[in-house]
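Below is one structure, written out as structure tokens, with a few remarks after it.
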Amino acid sequence: MASLYAREVALYTTALELGVASGDFELTGTPAEVARDLVALEDGYGLHLFSRNPAVDHATAYDAVLRFARTVTGCARL
């Protein structure tokens, strides 16, 4: 699990760094911080989906992660 987490954080970190470099993103934290938060949010919602929590469906989880990503990147085009 630690290896998967590290790879996911690295992937997000790279994407966030590229977004900052291109001028598309204005992050609310460092790329690594934002990446860790995105992975944690995805993982948390994934657990609720996997456990069939009736309060969390796929659309709810997707919208929540996307809304957070838009907020922490300052990019409404996500």
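Within each chain, counting starts at residue 1; across the structure tokens, chains are named A, B, ... in the order shown, with ligands numbered 1 upward in that order.
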List every residue of region 44-78 of chain A that DSSP, applied to the backbone of this structure, assigns to helix (DSSP H, G or I), and report them as number ranges by chain. A: 44-50, 58-73
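Taking only C-alpha atoms, the non-local environment of Tyr62 (chain A) within 12 Å (same-chain residues fewer than 2 positions away omitted) comprises Leu38, Leu41, Glu42, Asp43, Gly44, Tyr45, Gly46, Leu49, Val56, Asp57, His58, Ala59, Thr60, Ala64, Val65, Leu66, Arg67, Phe68, Ala69 and Leu78 of chain A.
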Write the residues of the selection above to a file with C-alpha atoms, as a PDB file, in the first residue's frame.
```
ATOM      1  CA  LEU A  38      -6.048  14.639  -3.188  1.00  0.00           C
ATOM      2  CA  LEU A  41      -9.639  12.327  -0.358  1.00  0.00           C
ATOM      3  CA  GLU A  42      -9.829   9.787  -3.181  1.00  0.00           C
ATOM      4  CA  ASP A  43      -8.911   6.978  -0.799  1.00  0.00           C
ATOM      5  CA  GLY A  44     -11.493   8.069   1.756  1.00  0.00           C
ATOM      6  CA  TYR A  45     -14.310   8.231  -0.748  1.00  0.00           C
ATOM      7  CA  GLY A  46     -13.127   4.965  -2.269  1.00  0.00           C
ATOM      8  CA  LEU A  49     -17.917   3.380  -2.154  1.00  0.00           C
ATOM      9  CA  VAL A  56     -21.903   8.189  -0.836  1.00  0.00           C
ATOM     10  CA  ASP A  57     -22.451   7.236  -4.448  1.00  0.00           C
ATOM     11  CA  HIS A  58     -20.025   7.508  -7.339  1.00  0.00           C
ATOM     12  CA  ALA A  59     -21.319  10.889  -8.510  1.00  0.00           C
ATOM     13  CA  THR A  60     -21.109  12.352  -5.004  1.00  0.00           C
ATOM     14  CA  ALA A  64     -16.421  16.190  -4.101  1.00  0.00           C
ATOM     15  CA  VAL A  65     -12.927  15.322  -5.330  1.00  0.00           C
ATOM     16  CA  LEU A  66     -13.322  17.536  -8.385  1.00  0.00           C
ATOM     17  CA  ARG A  67     -14.643  20.439  -6.309  1.00  0.00           C
ATOM     18  CA  PHE A  68     -11.666  20.123  -3.957  1.00  0.00           C
ATOM     19  CA  ALA A  69      -9.242  19.949  -6.904  1.00  0.00           C
ATOM     20  CA  LEU A  78     -10.897  20.900 -14.153  1.00  0.00           C
TER      21      LEU A  78
END
```
Find the residues near Leu16 (chain A): any atom within 9 Å, counting only C-alpha atoms, skip ones fewer than 5 places away on the same chain, and give them as a PyMOL selection string. chain A and resi 11+21+25+27+31-32+34-35+73
Selection above as a file: N, CA, C and O atoms, as a tab-separated table (two decimals), in the first residue's frame:
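Result written to out14.tsv:
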```
chain	number	residue	atom	x	y	z
A	11	LEU	N	2.57	11.03	-8.93
A	11	LEU	CA	1.84	11.36	-10.16
A	11	LEU	C	1.12	12.70	-10.03
A	11	LEU	O	1.22	13.57	-10.90
A	21	ALA	N	3.65	25.43	-13.59
A	21	ALA	CA	4.62	25.92	-14.57
A	21	ALA	C	3.94	26.52	-15.80
A	21	ALA	O	4.43	27.50	-16.38
A	25	PHE	N	-2.43	26.58	-12.89
A	25	PHE	CA	-2.76	26.34	-11.49
A	25	PHE	C	-2.10	27.37	-10.59
A	25	PHE	O	-0.95	27.76	-10.81
A	27	LEU	N	-1.72	27.08	-6.72
A	27	LEU	CA	-2.00	26.15	-5.62
A	27	LEU	C	-2.14	26.85	-4.27
A	27	LEU	O	-1.51	27.89	-4.03
A	31	PRO	N	2.97	21.62	-4.11
A	31	PRO	CA	2.47	20.51	-4.92
A	31	PRO	C	2.38	19.20	-4.14
A	31	PRO	O	1.39	18.48	-4.27
A	32	ALA	N	3.37	18.92	-3.31
A	32	ALA	CA	3.34	17.67	-2.54
A	32	ALA	C	2.20	17.66	-1.52
A	32	ALA	O	1.54	16.64	-1.34
A	34	VAL	N	-0.70	19.34	-1.69
A	34	VAL	CA	-1.97	19.22	-2.42
A	34	VAL	C	-2.13	17.80	-2.95
A	34	VAL	O	-3.22	17.22	-2.89
A	35	ALA	N	-1.05	17.22	-3.45
A	35	ALA	CA	-1.09	15.85	-3.96
A	35	ALA	C	-1.50	14.87	-2.86
A	35	ALA	O	-2.36	14.01	-3.07
A	73	THR	N	-6.43	24.23	-6.73
A	73	THR	CA	-5.61	24.61	-7.89
A	73	THR	C	-5.97	25.98	-8.45
A	73	THR	O	-5.23	26.54	-9.25
```
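Reported to one decimal place, the separation of CA of Gly74 (chain A) from CA of Gly19 (chain A) is 10.5 Å.
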